[in-house]
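Reproduced below: query.txt, with compact mmCIF, C-alpha atoms.
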```
# COMPACT_ATOMS: atom_id res chain seq x y z
CA MET A 106 0.00 0.00 0.00
CA GLU A 107 1.14 3.53 -0.79
CA LEU A 108 -0.29 6.69 0.74
CA SER A 109 0.00 10.31 -0.29
CA LYS A 110 -1.90 13.52 0.28
CA LYS A 111 -2.35 16.94 -1.22
CA ASP A 112 -4.22 20.08 -0.33
CA VAL A 113 -6.67 21.47 -2.88
CA ASP A 114 -7.94 24.89 -1.74
CA GLY A 115 -8.19 23.77 1.88
CA THR A 116 -9.53 20.29 1.21
CA VAL A 117 -7.27 17.31 1.87
CA VAL A 118 -7.19 14.66 -0.83
CA VAL A 119 -5.62 11.38 0.30
CA SER A 120 -4.63 8.80 -2.31
CA VAL A 121 -4.34 5.16 -1.31
CA ARG A 122 -2.83 2.75 -3.83
CA GLY A 123 -2.26 -0.98 -3.98
CA LYS A 124 -3.74 -3.32 -1.41
CA LEU A 125 -5.51 -2.30 1.77
CA ASP A 126 -5.30 -5.58 3.66
CA THR A 127 -5.29 -6.17 7.41
CA VAL A 128 -1.56 -5.52 7.60
CA ALA A 129 -1.80 -2.16 5.82
CA ALA A 130 -5.05 -1.00 7.41
CA SER A 131 -3.69 0.26 10.73
CA GLU A 132 -1.28 2.62 8.95
CA PHE A 133 -4.07 3.79 6.65
CA GLU A 134 -6.44 4.38 9.59
CA LYS A 135 -3.85 6.41 11.49
CA TYR A 136 -3.11 8.44 8.36
CA ILE A 137 -6.68 9.39 7.45
CA VAL A 138 -7.81 9.99 11.04
CA GLU A 139 -4.85 12.34 11.42
CA GLN A 140 -5.98 14.29 8.32
CA VAL A 141 -9.51 14.51 9.71
CA ASP A 142 -8.24 15.78 13.08
CA LYS A 143 -6.13 18.47 11.41
CA SER A 144 -8.81 19.75 9.05
CA GLU A 145 -12.21 21.40 9.43
CA ASN A 146 -13.27 20.24 6.00
CA SER A 147 -14.62 17.05 4.45
CA LEU A 148 -12.07 14.44 3.40
CA ILE A 149 -11.58 13.13 -0.12
CA VAL A 150 -9.98 9.71 -0.51
CA ASN A 151 -8.88 8.79 -4.02
CA MET A 152 -9.08 4.99 -4.38
CA SER A 153 -8.69 4.78 -8.15
CA GLU A 154 -5.48 2.77 -7.83
CA LEU A 155 -6.70 0.62 -4.94
CA ILE A 156 -7.13 -2.97 -6.05
CA TYR A 157 -8.16 -4.67 -2.80
CA ILE A 158 -9.79 -3.84 0.52
CA ALA A 159 -10.41 -6.08 3.55
CA SER A 160 -12.77 -5.38 6.46
CA ALA A 161 -9.90 -3.78 8.39
CA GLY A 162 -9.77 -1.15 5.63
CA LEU A 163 -13.50 -0.59 5.98
CA ARG A 164 -12.97 -0.14 9.72
CA ALA A 165 -10.54 2.70 8.96
CA VAL A 166 -13.07 4.39 6.65
CA LEU A 167 -15.76 4.03 9.33
CA ALA A 168 -13.51 5.47 12.05
CA ALA A 169 -12.71 8.50 9.88
CA THR A 170 -16.37 8.97 8.92
CA LYS A 171 -17.50 8.93 12.56
CA LYS A 172 -15.01 11.71 13.36
CA LEU A 173 -16.07 13.71 10.30
CA ARG A 174 -19.75 13.46 11.21
CA GLU A 175 -19.04 15.01 14.60
CA LYS A 176 -18.08 18.10 12.58
CA GLN A 177 -21.00 17.68 10.14
CA LYS A 178 -18.51 16.76 7.42
CA ASP A 179 -18.35 13.83 5.02
CA ILE A 180 -15.99 11.34 3.49
CA LEU A 181 -15.93 11.42 -0.32
CA LEU A 182 -14.49 8.42 -2.12
CA VAL A 183 -13.16 8.73 -5.65
CA GLY A 184 -12.71 6.23 -8.46
CA LEU A 185 -13.57 2.92 -6.77
CA GLN A 186 -12.68 -0.08 -8.89
CA LYS A 187 -15.38 -2.71 -9.29
CA THR A 188 -13.99 -5.26 -6.81
CA VAL A 189 -13.43 -2.58 -4.16
CA LYS A 190 -16.83 -1.02 -4.76
CA ASP A 191 -18.49 -4.41 -4.39
CA VAL A 192 -16.98 -4.80 -0.91
CA PHE A 193 -18.24 -1.35 0.15
CA LYS A 194 -21.64 -2.25 -1.24
CA ILE A 195 -21.96 -5.65 0.45
CA ALA A 196 -20.86 -4.14 3.76
CA GLY A 197 -23.56 -1.48 3.48
CA PHE A 198 -21.04 1.37 3.40
CA LEU A 199 -22.43 3.08 0.32
CA SER A 200 -25.28 4.43 2.45
CA PHE A 201 -22.89 6.85 4.13
CA CYS A 202 -19.84 7.10 1.84
CA LYS A 203 -20.35 9.46 -1.07
CA VAL A 204 -18.78 8.05 -4.22
CA PHE A 205 -17.49 10.03 -7.21
CA ASP A 206 -15.83 9.12 -10.49
CA THR A 207 -13.26 11.90 -10.42
CA GLU A 208 -11.52 14.16 -7.92
CA GLU A 209 -12.92 17.18 -9.75
CA SER A 210 -16.52 16.05 -9.28
CA ALA A 211 -15.85 15.31 -5.58
CA LEU A 212 -14.25 18.73 -5.09
CA GLU A 213 -17.29 20.42 -6.63
CA GLN A 214 -19.43 18.89 -3.88
CA ILE A 215 -17.38 20.33 -1.05
CA MET B 286 -11.09 -37.68 -5.33
CA ASN B 287 -8.62 -34.87 -5.61
CA PHE B 288 -6.11 -34.47 -2.83
CA LEU B 289 -5.98 -31.04 -1.30
CA SER B 290 -2.70 -29.15 -0.94
CA GLN B 291 -1.81 -28.06 2.56
CA ILE B 292 0.04 -25.31 4.31
CA THR B 293 0.55 -25.15 8.09
CA LEU B 294 2.06 -22.11 9.79
CA PRO B 295 1.91 -20.40 13.19
CA ALA B 296 -1.20 -18.25 13.68
CA THR B 297 0.36 -14.82 13.29
CA LEU B 298 -0.32 -11.90 10.96
CA ASP B 299 3.24 -12.20 9.62
CA ASN B 300 2.14 -15.38 7.87
CA LEU B 301 -0.99 -13.94 6.26
CA SER B 302 0.53 -13.34 2.84
CA GLU B 303 2.14 -16.78 2.67
CA PHE B 304 -1.21 -18.48 3.27
CA ILE B 305 -2.94 -16.18 0.79
CA GLU B 306 -0.35 -16.54 -1.98
CA SER B 307 -0.39 -20.35 -1.76
CA VAL B 308 -4.16 -20.54 -2.09
CA LYS B 309 -4.37 -17.84 -4.76
CA SER B 310 -1.80 -19.43 -7.03
CA CYS B 311 -3.65 -22.74 -6.83
CA ALA B 312 -7.01 -21.11 -7.65
CA LYS B 313 -5.32 -19.36 -10.57
CA LYS B 314 -3.96 -22.66 -11.91
CA GLN B 315 -7.48 -24.07 -11.66
CA GLY B 316 -8.63 -21.33 -14.01
CA PHE B 317 -10.68 -19.32 -11.54
CA SER B 318 -11.56 -15.80 -12.64
CA GLN B 319 -9.78 -12.74 -11.30
CA LYS B 320 -13.01 -11.72 -9.53
CA ARG B 321 -13.38 -15.09 -7.84
CA ILE B 322 -9.72 -15.16 -6.82
CA SER B 323 -10.14 -11.75 -5.25
CA GLU B 324 -13.20 -13.01 -3.33
CA ILE B 325 -11.29 -16.10 -2.21
CA GLU B 326 -8.44 -13.88 -1.03
CA LEU B 327 -10.76 -11.61 0.94
CA SER B 328 -12.68 -14.49 2.54
CA LEU B 329 -9.52 -16.33 3.53
CA GLU B 330 -7.98 -13.17 4.95
CA GLU B 331 -11.05 -12.46 7.09
CA VAL B 332 -11.15 -16.02 8.48
CA LEU B 333 -7.41 -16.14 9.16
CA VAL B 334 -7.28 -12.73 10.84
CA ASN B 335 -10.09 -13.83 13.18
CA ILE B 336 -8.06 -16.89 14.11
CA PHE B 337 -4.85 -14.88 14.53
CA ASP B 338 -6.66 -12.45 16.85
CA TYR B 339 -8.84 -14.74 18.91
CA ALA B 340 -8.15 -18.46 18.61
CA TYR B 341 -5.16 -18.70 20.89
CA LYS B 342 -4.52 -16.99 24.20
CA LYS B 343 -1.84 -14.36 24.40
CA ASN B 344 1.63 -15.87 24.91
CA GLU B 345 0.33 -19.10 23.53
CA THR B 346 1.31 -20.03 20.01
CA GLY B 347 -0.71 -22.31 17.83
CA ASP B 348 -0.83 -23.30 14.20
CA VAL B 349 -3.33 -22.86 11.44
CA LYS B 350 -3.63 -25.46 8.72
CA VAL B 351 -5.14 -24.47 5.39
CA SER B 352 -6.05 -27.20 2.91
CA TYR B 353 -7.13 -26.14 -0.55
CA GLY B 354 -7.84 -27.31 -4.04
CA PRO B 355 -10.59 -28.39 -6.42
CA ASP B 356 -13.21 -30.98 -5.44
CA ASP B 357 -15.07 -33.37 -7.74
CA ASP B 358 -17.96 -30.96 -8.04
CA ASN B 359 -16.23 -28.00 -9.73
CA HIS B 360 -15.79 -26.18 -6.46
CA PHE B 361 -12.63 -24.69 -5.11
CA VAL B 362 -12.45 -25.82 -1.48
CA ILE B 363 -10.58 -24.13 1.35
CA GLN B 364 -10.52 -25.80 4.75
CA ILE B 365 -9.11 -23.83 7.67
CA GLU B 366 -8.25 -25.63 10.91
CA ASP B 367 -7.04 -24.35 14.27
CA ALA B 368 -6.74 -25.93 17.70
CA GLY B 369 -7.80 -22.80 19.57
CA MET B 370 -10.87 -21.94 21.56
CA PRO B 371 -14.13 -23.23 20.10
CA PHE B 372 -15.52 -20.60 17.77
CA ASP B 373 -18.28 -20.94 15.22
CA MET B 374 -18.29 -17.77 13.17
CA LEU B 375 -21.60 -18.85 11.67
CA SER B 376 -23.24 -18.33 15.06
CA LEU B 377 -22.63 -14.57 14.89
CA ASP B 378 -25.58 -12.31 14.17
CA LYS B 379 -25.65 -10.42 10.91
CA PRO B 380 -24.37 -6.89 11.50
CA ASP B 381 -26.91 -4.07 11.22
CA LEU B 382 -26.03 -2.64 7.83
CA THR B 383 -28.71 0.03 7.97
CA ALA B 384 -27.67 1.68 11.24
CA ASP B 385 -26.68 5.32 11.18
CA VAL B 386 -22.93 5.96 10.98
CA SER B 387 -22.70 6.97 14.63
CA GLU B 388 -24.11 3.60 15.67
CA ARG B 389 -22.47 1.53 13.00
CA GLU B 390 -20.08 -1.09 14.37
CA ILE B 391 -17.37 -2.84 12.44
CA GLY B 392 -17.60 -6.10 14.36
CA GLY B 393 -18.99 -8.94 12.32
CA ILE B 394 -18.49 -7.33 8.92
CA GLY B 395 -15.55 -9.57 8.01
CA VAL B 396 -17.57 -12.68 8.77
CA PHE B 397 -20.55 -11.26 6.90
CA LEU B 398 -18.37 -10.69 3.81
CA VAL B 399 -17.20 -14.33 3.90
CA ARG B 400 -20.78 -15.59 4.05
CA GLU B 401 -21.84 -13.33 1.19
CA LEU B 402 -18.87 -14.05 -1.09
CA MET B 403 -18.53 -17.80 -0.70
CA ASP B 404 -21.11 -20.26 -2.06
CA ASP B 405 -20.98 -22.47 1.01
CA VAL B 406 -19.52 -22.08 4.51
CA GLN B 407 -19.61 -24.94 7.03
CA TYR B 408 -18.24 -25.15 10.56
CA ARG B 409 -17.54 -28.16 12.68
CA ARG B 410 -15.70 -28.84 15.92
CA GLU B 411 -13.79 -32.09 15.73
CA ASN B 412 -10.97 -33.54 17.86
CA ALA B 413 -10.61 -30.24 19.74
CA LYS B 414 -10.24 -28.36 16.46
CA ASN B 415 -12.26 -25.68 14.71
CA ILE B 416 -12.71 -26.67 11.09
CA LEU B 417 -14.19 -24.17 8.69
CA THR B 418 -14.83 -25.20 5.10
CA LEU B 419 -15.38 -22.64 2.35
CA LYS B 420 -16.56 -23.65 -1.09
CA VAL B 421 -16.81 -21.53 -4.17
CA ARG B 422 -17.58 -22.14 -7.84
CA ASN B 423 -15.97 -20.28 -10.69
```
Show this structure as structure tokens.
Amino acid sequence: MELSKKDVDGTVVVSVRGKLDTVAASEFEKYIVEQVDKSENSLIVNMSELIYIASAGLRAVLAATKKLREKQKDILLVGLQKTVKDVFKIAGFLSFCKVFDTEESALEQI
Amino acid sequence: MNFLSQITLPATLDNLSEFIESVKSCAKKQGFSQKRISEIELSLEEVLVNIFDYAYKKNETGDVKVSYGPDDDNHFVIQIEDAGMPFDMLSLDKPDLTADVSEREIGGIGVFLVRELMDDVQYRRENAKNILTLKVRN
């Protein structure tokens, strides 16, 4: 798994690439929760190069979302590949994660 | 009857990828689709991580044995055995997938994914072992 982040006009965009398995998930969770704590804005997570997610990765997304909701903010996911999107869907996460095809369309919603 | 391949390693997260790679490469050789292989990987990971976390007491090391391969009925079979505390993951309630985010809990989602992705999941306790059998068709 590889992580990176950038700031687009005050909104943090995190990119997670590769495989988000149980081993990688704790680092990912720490990373995104830290971004949420530092920002007053919604969080965009670009998953277009993510090829795999396990339930530990979902746990990280849930933890970040709970913190965001305390500030009335959202998590916006970008570019989910089919296999990854299926996992979000089966787990019932698409009811609270907003999903976008591109970073631009996610940024327009902020 | 086809004989299943086997891999036995201590129940620690360090060994996750070795278990996964062995099973994945076999499923690949059997001609399973990329989608199915990904579902097999996810299901096996969720089952193994549960065992790594809960089967054995702290400071106690135990093994996990994974047997895998095709059966006579066009299934790919994965059997996961541990000698830890009795645990039937099929006895867990389905998580509430409609709860609001603030009440949403992550517990049980891994097990739920396994039950959704695999065609058949069976548990038995035999000779002081937990034996979980997953079956999936291409």
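Atom CA of Met152 of chain A is found 10.3 Å from atom CA of Lys124 of chain A.
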Exercise answer, chain A residues close to chain B, 8 Å and only C-alpha atoms, as a ChimeraX atom specification:
/A:127-128,157-160,163-164,167,170-171,174,188,192,195-198,200-201
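Put simply, atom CA of Ile365 of chain B is 18.5 Å away from atom CA of Lys342 of chain B.
Here atom CA of Val351 of chain B stands at a distance of 5.7 Å from atom CA of Gln291 of chain B.
Every polymer residue reaching to within 9 Å of (-4.0, -27.7, 16.9), counting only C-alpha atoms, appears in this list: Gly347, Asp348, Val349, Lys350, Glu366, Asp367, Ala368, Gly369, Ala413, Lys414 and Asn415 of chain B.
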Considering all atoms listed in the file, state which residue in the set A:Thr207, A:Lys176, A:Asn151, A:Gly184 is at the smallest distance from Ile137 of chain A.
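Among A:Thr207, A:Lys176, A:Asn151, A:Gly184, it is A:Asn151 that comes nearest to Ile137 of chain A.
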Name all residues at most 7 Å from segment 154-156 of chain A (count all atoms listed in the file; drop same-chain ones fewer than 5 positions away) and give them as a compact mmCIF listing (two decimals) with C-alpha atoms, in the coordinates of the input.
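Contents of the output file out19.txt:
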```txt
# COMPACT_ATOMS: atom_id res chain seq x y z
CA VAL A 121 -4.34 5.16 -1.31
CA ARG A 122 -2.83 2.75 -3.83
CA GLY A 123 -2.26 -0.98 -3.98
CA LYS A 124 -3.74 -3.32 -1.41
CA GLN A 186 -12.68 -0.08 -8.89
CA VAL A 189 -13.43 -2.58 -4.16
```
Do a neighbour search on Thr116 of chain A at 12 Å with only C-alpha atoms, toss out local chain neighbours closer than 3 positions, and write the hits as a VMD selection string.
chain A and resid 110 to 113 119 140 to 141 143 to 150 178 to 181 208 to 209 211 to 215
Residue nearest Lys313 of chain B among B:Pro371, B:Asn344, B:Ile292, B:Asn423 (counting only C-alpha atoms)
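Of B:Pro371, B:Asn344, B:Ile292, B:Asn423, the one nearest Lys313 of chain B is B:Asn423, counting only C-alpha atoms.
For the choices A:Leu108, A:Val183, A:Ala161, A:Leu173, the atom-to-atom distance to Tyr136 of chain A is smallest for A:Leu108 when using all atoms listed in the file.
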Expected file for segment 146-175 of chain A keeping N, CA, C and O atoms, as an mmCIF file, in the first residue's frame:
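selection-v7.cif written:
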```
data_model
loop_
_atom_site.group_PDB
_atom_site.id
_atom_site.type_symbol
_atom_site.label_atom_id
_atom_site.label_comp_id
_atom_site.auth_asym_id
_atom_site.auth_seq_id
_atom_site.Cartn_x
_atom_site.Cartn_y
_atom_site.Cartn_z
ATOM 1 N N ASN A 146 -12.526 20.481 7.228
ATOM 2 C CA ASN A 146 -13.267 20.238 5.999
ATOM 3 C C ASN A 146 -13.577 18.748 5.811
ATOM 4 O O ASN A 146 -13.082 17.909 6.554
ATOM 5 N N SER A 147 -14.393 18.451 4.810
ATOM 6 C CA SER A 147 -14.624 17.050 4.449
ATOM 7 C C SER A 147 -13.336 16.457 3.904
ATOM 8 O O SER A 147 -12.411 17.180 3.528
ATOM 9 N N LEU A 148 -13.285 15.126 3.857
ATOM 10 C CA LEU A 148 -12.071 14.435 3.402
ATOM 11 C C LEU A 148 -12.365 13.696 2.101
ATOM 12 O O LEU A 148 -13.368 12.981 1.991
ATOM 13 N N ILE A 149 -11.476 13.883 1.130
ATOM 14 C CA ILE A 149 -11.584 13.127 -0.123
ATOM 15 C C ILE A 149 -10.526 12.034 -0.115
ATOM 16 O O ILE A 149 -9.353 12.283 0.200
ATOM 17 N N VAL A 150 -10.938 10.812 -0.415
ATOM 18 C CA VAL A 150 -9.977 9.713 -0.513
ATOM 19 C C VAL A 150 -10.039 9.144 -1.925
ATOM 20 O O VAL A 150 -11.072 8.613 -2.355
ATOM 21 N N ASN A 151 -8.947 9.305 -2.657
ATOM 22 C CA ASN A 151 -8.876 8.786 -4.019
ATOM 23 C C ASN A 151 -8.446 7.320 -3.968
ATOM 24 O O ASN A 151 -7.348 6.989 -3.521
ATOM 25 N N MET A 152 -9.343 6.435 -4.410
ATOM 26 C CA MET A 152 -9.078 4.992 -4.376
ATOM 27 C C MET A 152 -8.949 4.412 -5.784
ATOM 28 O O MET A 152 -9.078 3.207 -5.970
ATOM 29 N N SER A 153 -8.680 5.273 -6.775
ATOM 30 C CA SER A 153 -8.693 4.780 -8.155
ATOM 31 C C SER A 153 -7.593 3.762 -8.442
ATOM 32 O O SER A 153 -7.702 2.969 -9.368
ATOM 33 N N GLU A 154 -6.529 3.773 -7.634
ATOM 34 C CA GLU A 154 -5.477 2.766 -7.830
ATOM 35 C C GLU A 154 -5.455 1.732 -6.705
ATOM 36 O O GLU A 154 -4.462 1.049 -6.477
ATOM 37 N N LEU A 155 -6.582 1.635 -5.991
ATOM 38 C CA LEU A 155 -6.698 0.623 -4.942
ATOM 39 C C LEU A 155 -7.319 -0.633 -5.548
ATOM 40 O O LEU A 155 -8.381 -0.575 -6.159
ATOM 41 N N ILE A 156 -6.634 -1.757 -5.395
ATOM 42 C CA ILE A 156 -7.134 -2.975 -6.055
ATOM 43 C C ILE A 156 -7.768 -3.962 -5.084
ATOM 44 O O ILE A 156 -8.357 -4.961 -5.497
ATOM 45 N N TYR A 157 -7.675 -3.679 -3.778
ATOM 46 C CA TYR A 157 -8.159 -4.671 -2.798
ATOM 47 C C TYR A 157 -8.428 -3.986 -1.475
ATOM 48 O O TYR A 157 -7.649 -3.124 -1.050
ATOM 49 N N ILE A 158 -9.537 -4.350 -0.834
ATOM 50 C CA ILE A 158 -9.794 -3.843 0.521
ATOM 51 C C ILE A 158 -10.399 -4.952 1.374
ATOM 52 O O ILE A 158 -11.290 -5.678 0.928
ATOM 53 N N ALA A 159 -9.872 -5.118 2.588
ATOM 54 C CA ALA A 159 -10.412 -6.083 3.552
ATOM 55 C C ALA A 159 -11.226 -5.324 4.596
ATOM 56 O O ALA A 159 -11.239 -4.091 4.617
ATOM 57 N N SER A 160 -11.894 -6.047 5.499
ATOM 58 C CA SER A 160 -12.770 -5.377 6.464
ATOM 59 C C SER A 160 -11.995 -4.428 7.369
ATOM 60 O O SER A 160 -12.550 -3.440 7.854
ATOM 61 N N ALA A 161 -10.716 -4.694 7.576
ATOM 62 C CA ALA A 161 -9.903 -3.784 8.388
ATOM 63 C C ALA A 161 -9.779 -2.419 7.702
ATOM 64 O O ALA A 161 -9.698 -1.381 8.363
ATOM 65 N N GLY A 162 -9.782 -2.411 6.381
ATOM 66 C CA GLY A 162 -9.767 -1.154 5.631
ATOM 67 C C GLY A 162 -11.092 -0.424 5.764
ATOM 68 O O GLY A 162 -11.139 0.805 5.877
ATOM 69 N N LEU A 163 -12.184 -1.197 5.765
ATOM 70 C CA LEU A 163 -13.502 -0.593 5.984
ATOM 71 C C LEU A 163 -13.574 0.032 7.368
ATOM 72 O O LEU A 163 -14.163 1.092 7.559
ATOM 73 N N ARG A 164 -12.963 -0.662 8.349
ATOM 74 C CA ARG A 164 -12.970 -0.142 9.715
ATOM 75 C C ARG A 164 -12.324 1.242 9.763
ATOM 76 O O ARG A 164 -12.808 2.158 10.432
ATOM 77 N N ALA A 165 -11.242 1.418 9.006
ATOM 78 C CA ALA A 165 -10.543 2.701 8.957
ATOM 79 C C ALA A 165 -11.450 3.781 8.364
ATOM 80 O O ALA A 165 -11.533 4.898 8.885
ATOM 81 N N VAL A 166 -12.150 3.437 7.286
ATOM 82 C CA VAL A 166 -13.068 4.386 6.651
ATOM 83 C C VAL A 166 -14.191 4.758 7.621
ATOM 84 O O VAL A 166 -14.571 5.930 7.742
ATOM 85 N N LEU A 167 -14.696 3.773 8.362
ATOM 86 C CA LEU A 167 -15.760 4.030 9.330
ATOM 87 C C LEU A 167 -15.270 4.931 10.459
ATOM 88 O O LEU A 167 -15.968 5.876 10.850
ATOM 89 N N ALA A 168 -14.068 4.661 10.954
ATOM 90 C CA ALA A 168 -13.513 5.470 12.049
ATOM 91 C C ALA A 168 -13.379 6.923 11.615
ATOM 92 O O ALA A 168 -13.736 7.848 12.350
ATOM 93 N N ALA A 169 -12.870 7.132 10.395
ATOM 94 C CA ALA A 169 -12.707 8.495 9.884
ATOM 95 C C ALA A 169 -14.066 9.163 9.686
ATOM 96 O O ALA A 169 -14.251 10.339 10.010
ATOM 97 N N THR A 170 -15.032 8.406 9.171
ATOM 98 C CA THR A 170 -16.365 8.969 8.920
ATOM 99 C C THR A 170 -17.028 9.402 10.220
ATOM 100 O O THR A 170 -17.655 10.463 10.293
ATOM 101 N N LYS A 171 -16.904 8.572 11.259
ATOM 102 C CA LYS A 171 -17.501 8.929 12.561
ATOM 103 C C LYS A 171 -16.946 10.266 13.061
ATOM 104 O O LYS A 171 -17.678 11.100 13.578
ATOM 105 N N LYS A 172 -15.632 10.444 12.916
ATOM 106 C CA LYS A 172 -15.011 11.706 13.356
ATOM 107 C C LYS A 172 -15.482 12.881 12.507
ATOM 108 O O LYS A 172 -15.706 13.984 13.016
ATOM 109 N N LEU A 173 -15.611 12.647 11.194
ATOM 110 C CA LEU A 173 -16.069 13.707 10.300
ATOM 111 C C LEU A 173 -17.499 14.133 10.627
ATOM 112 O O LEU A 173 -17.829 15.320 10.620
ATOM 113 N N ARG A 174 -18.342 13.160 10.927
ATOM 114 C CA ARG A 174 -19.746 13.458 11.210
ATOM 115 C C ARG A 174 -19.915 14.317 12.462
ATOM 116 O O ARG A 174 -20.851 15.093 12.569
ATOM 117 N N GLU A 175 -18.987 14.156 13.407
ATOM 118 C CA GLU A 175 -19.039 15.011 14.604
ATOM 119 C C GLU A 175 -18.897 16.480 14.223
ATOM 120 O O GLU A 175 -19.322 17.375 14.939
#
```
